[in-house]
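Engineer: Starting off with a structure, shown below.
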Amino acid sequence: MIAIKHGKSGEIQFVEGLRGYGTDWAQIGPPLPAANDPNLLVLVSGAWVEDPVKVEAILLPSIKAEAERRKMGFLSAGGAKKAEYAQKAAEVSFYDSLGGSLTTILAALNALTAAQRRAKFGYALADAAAFGEPTITPAIERFRAGMAGSDKVPAIAAAEARACAAIKAATTAAAKRTAAAAVSWPA
């Protein structure tokens, strides 16, 4: 495959040969390397090399897409679920802030007005009612267990951030590809 350039328009095309293109077209540079996507190549000092900017523009979205795919293995799709998870995490955090023992926590819960309990523990109250439980403690523990099961998501996000930073820091296309290939996703 070769690159040809139109003498008047400046258009560049990647073709198998000049046959049939006419006199306004001329080959530029040597034949293209067979293993490369011609759209990623630039001619530098008479040689075709991968353009680091173009390679980065392909690698970053692919890393982000893979991270998203992996995260969704632990999360449910949808904005409402994300808001629900955040609220449940806030309820667990507030519950934990009420004291170090179950007795202290239950006393602090009983000191809250009904409106305060609904405001602070809406999901836990609904969950406890659905399960027929007299207190929110079992609901909070279910939320906590769910949060523990999703601890992979932050690790995936960290691996994504590290890979993207390494790709951006690399100065050659080859180094960018190496950085992308080196990403270590959590198991």
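A note on labels: chains of the structure tokens are A, B, ... as shown, every chain counts residues from 1, and ligands are counted from 1 in their shown order.
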Out of range 94-170 of chain A, which residues get alpha helix (DSSP H) from DSSP, as a ChimeraX atom specification?
Structural biologist: /A:94-97,102-111,114-131,137-149,152-169
Engineer: List the spatial neighbours of Trp185 in chain A as a PyMOL selection string - criterion: any atom at most 9 Å away, only C-alpha atoms, same-chain residues fewer than 2 positions off excluded.
Structural biologist: chain A and resi 67+70+155-156+159-160+183+187
Engineer: Kindly give the distance, in Å, that separates CA of Ile167 in chain A and CA of Ala180 in chain A, rounded to a single decimal.
Structural biologist: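 For CA of Ile167 in chain A relative to CA of Ala180 in chain A, the distance reads 6.4 Å.
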Engineer: Excluding Leu60 in chain A and any residue of its chain fewer than 2 positions from it, enumerate the residues within 12 Å of it, using only C-alpha atoms, and give them as a list in words.
Structural biologist: Pro52, Val53, Lys54, Val55, Glu56, Ala57, Ile58, Ser62, Ile63, Lys64, Ala65, Glu66, Ala67, Glu160, Ala161, Arg162, Ala163, Cys164, Ala165, Ala166, Ile167, Lys168, Lys176, Arg177, Ala179, Ala180, Ala181 and Val183 of chain A
Engineer: With N, CA and C atoms kept, could you save the residues just selected as a PDB file, in the first residue's frame?
Structural biologist:
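Everything below was put into selection04.pdb:
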```pdb
ATOM      1  N   PRO A  52       1.816   9.776  17.457  1.00  0.00           N
ATOM      2  CA  PRO A  52       1.468   9.547  18.868  1.00  0.00           C
ATOM      3  C   PRO A  52       0.121  10.166  19.270  1.00  0.00           C
ATOM      4  N   VAL A  53      -0.206  11.318  18.717  1.00  0.00           N
ATOM      5  CA  VAL A  53      -1.471  11.982  19.059  1.00  0.00           C
ATOM      6  C   VAL A  53      -2.655  11.144  18.560  1.00  0.00           C
ATOM      7  N   LYS A  54      -2.549  10.626  17.346  1.00  0.00           N
ATOM      8  CA  LYS A  54      -3.629   9.807  16.788  1.00  0.00           C
ATOM      9  C   LYS A  54      -3.759   8.476  17.537  1.00  0.00           C
ATOM     10  N   VAL A  55      -2.629   7.897  17.906  1.00  0.00           N
ATOM     11  CA  VAL A  55      -2.658   6.639  18.660  1.00  0.00           C
ATOM     12  C   VAL A  55      -3.296   6.866  20.028  1.00  0.00           C
ATOM     13  N   GLU A  56      -2.914   7.953  20.687  1.00  0.00           N
ATOM     14  CA  GLU A  56      -3.502   8.279  21.989  1.00  0.00           C
ATOM     15  C   GLU A  56      -5.012   8.467  21.872  1.00  0.00           C
ATOM     16  N   ALA A  57      -5.438   9.101  20.797  1.00  0.00           N
ATOM     17  CA  ALA A  57      -6.870   9.360  20.590  1.00  0.00           C
ATOM     18  C   ALA A  57      -7.666   8.070  20.426  1.00  0.00           C
ATOM     19  N   ILE A  58      -7.007   7.000  20.071  1.00  0.00           N
ATOM     20  CA  ILE A  58      -7.674   5.691  19.975  1.00  0.00           C
ATOM     21  C   ILE A  58      -7.552   4.925  21.288  1.00  0.00           C
ATOM     22  N   SER A  62     -10.489   3.522  24.361  1.00  0.00           N
ATOM     23  CA  SER A  62     -10.578   2.068  24.523  1.00  0.00           C
ATOM     24  C   SER A  62     -10.334   1.665  25.980  1.00  0.00           C
ATOM     25  N   ILE A  63      -9.417   2.336  26.660  1.00  0.00           N
ATOM     26  CA  ILE A  63      -9.182   2.070  28.090  1.00  0.00           C
ATOM     27  C   ILE A  63     -10.422   2.446  28.892  1.00  0.00           C
ATOM     28  N   LYS A  64     -10.993   3.602  28.596  1.00  0.00           N
ATOM     29  CA  LYS A  64     -12.185   4.062  29.317  1.00  0.00           C
ATOM     30  C   LYS A  64     -13.372   3.121  29.075  1.00  0.00           C
ATOM     31  N   ALA A  65     -13.519   2.637  27.864  1.00  0.00           N
ATOM     32  CA  ALA A  65     -14.614   1.708  27.563  1.00  0.00           C
ATOM     33  C   ALA A  65     -14.425   0.383  28.301  1.00  0.00           C
ATOM     34  N   GLU A  66     -13.191  -0.103  28.346  1.00  0.00           N
ATOM     35  CA  GLU A  66     -12.924  -1.351  29.069  1.00  0.00           C
ATOM     36  C   GLU A  66     -13.168  -1.172  30.563  1.00  0.00           C
ATOM     37  N   ALA A  67     -12.762  -0.037  31.106  1.00  0.00           N
ATOM     38  CA  ALA A  67     -13.004   0.236  32.534  1.00  0.00           C
ATOM     39  C   ALA A  67     -14.505   0.277  32.812  1.00  0.00           C
ATOM     40  N   GLU A 160      -7.782   2.482  35.661  1.00  0.00           N
ATOM     41  CA  GLU A 160      -8.112   3.302  34.486  1.00  0.00           C
ATOM     42  C   GLU A 160      -7.333   4.620  34.520  1.00  0.00           C
ATOM     43  N   ALA A 161      -7.358   5.296  35.662  1.00  0.00           N
ATOM     44  CA  ALA A 161      -6.660   6.581  35.789  1.00  0.00           C
ATOM     45  C   ALA A 161      -5.163   6.421  35.573  1.00  0.00           C
ATOM     46  N   ARG A 162      -4.606   5.356  36.142  1.00  0.00           N
ATOM     47  CA  ARG A 162      -3.169   5.124  35.992  1.00  0.00           C
ATOM     48  C   ARG A 162      -2.813   4.841  34.539  1.00  0.00           C
ATOM     49  N   ALA A 163      -3.612   4.019  33.866  1.00  0.00           N
ATOM     50  CA  ALA A 163      -3.349   3.690  32.458  1.00  0.00           C
ATOM     51  C   ALA A 163      -3.457   4.942  31.589  1.00  0.00           C
ATOM     52  N   CYS A 164      -4.492   5.736  31.804  1.00  0.00           N
ATOM     53  CA  CYS A 164      -4.668   6.954  31.004  1.00  0.00           C
ATOM     54  C   CYS A 164      -3.509   7.926  31.238  1.00  0.00           C
ATOM     55  N   ALA A 165      -3.071   8.068  32.466  1.00  0.00           N
ATOM     56  CA  ALA A 165      -1.942   8.951  32.769  1.00  0.00           C
ATOM     57  C   ALA A 165      -0.668   8.450  32.089  1.00  0.00           C
ATOM     58  N   ALA A 166      -0.452   7.141  32.109  1.00  0.00           N
ATOM     59  CA  ALA A 166       0.746   6.570  31.476  1.00  0.00           C
ATOM     60  C   ALA A 166       0.702   6.763  29.960  1.00  0.00           C
ATOM     61  N   ILE A 167      -0.466   6.596  29.370  1.00  0.00           N
ATOM     62  CA  ILE A 167      -0.607   6.809  27.922  1.00  0.00           C
ATOM     63  C   ILE A 167      -0.325   8.268  27.581  1.00  0.00           C
ATOM     64  N   LYS A 168      -0.882   9.183  28.356  1.00  0.00           N
ATOM     65  CA  LYS A 168      -0.674  10.611  28.096  1.00  0.00           C
ATOM     66  C   LYS A 168       0.783  11.014  28.297  1.00  0.00           C
ATOM     67  N   LYS A 176       3.079   4.595  24.011  1.00  0.00           N
ATOM     68  CA  LYS A 176       1.659   4.719  24.355  1.00  0.00           C
ATOM     69  C   LYS A 176       0.981   3.348  24.271  1.00  0.00           C
ATOM     70  N   ARG A 177       1.290   2.589  23.236  1.00  0.00           N
ATOM     71  CA  ARG A 177       0.720   1.232  23.095  1.00  0.00           C
ATOM     72  C   ARG A 177       1.200   0.320  24.230  1.00  0.00           C
ATOM     73  N   ALA A 179       2.056   1.273  27.232  1.00  0.00           N
ATOM     74  CA  ALA A 179       1.348   1.710  28.449  1.00  0.00           C
ATOM     75  C   ALA A 179      -0.069   1.148  28.466  1.00  0.00           C
ATOM     76  N   ALA A 180      -0.737   1.156  27.332  1.00  0.00           N
ATOM     77  CA  ALA A 180      -2.097   0.624  27.266  1.00  0.00           C
ATOM     78  C   ALA A 180      -2.119  -0.887  27.505  1.00  0.00           C
ATOM     79  N   ALA A 181      -1.127  -1.563  26.961  1.00  0.00           N
ATOM     80  CA  ALA A 181      -1.070  -3.021  27.117  1.00  0.00           C
ATOM     81  C   ALA A 181      -0.695  -3.418  28.541  1.00  0.00           C
ATOM     82  N   VAL A 183      -1.810  -2.159  31.347  1.00  0.00           N
ATOM     83  CA  VAL A 183      -2.811  -1.910  32.377  1.00  0.00           C
ATOM     84  C   VAL A 183      -3.093  -3.198  33.139  1.00  0.00           C
TER      85      VAL A 183
END
```
Engineer: Find the residues near Met1 in chain A: any atom within 12 Å, counting only C-alpha atoms, skip ones fewer than 4 places away on the same chain, and give them as a list in words.
Structural biologist: Gln13, Phe14, Val15, Glu16, Gly17, Leu18, Gln27, Ile28, Gly29, Pro30, Pro31, Leu32, Pro33, Ala34, Ala35, Asn36, Asp37, Pro38 and Trp48 of chain A
Engineer: Go through A:Arg69, A:Ala174, A:Ala148, A:Leu106 and flag the residue nearest Pro134 in chain A, using only C-alpha atoms for the distances.
Structural biologist: A:Leu106
Engineer: Between A:Gly79, A:Gly7, A:Gly146, A:Pro186, single out the one closest to Gly22 in chain A, counting only C-alpha atoms.
Structural biologist: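 Checking each of A:Gly79, A:Gly7, A:Gly146, A:Pro186 against Gly22 in chain A, counting only C-alpha atoms, the winner is A:Gly7.
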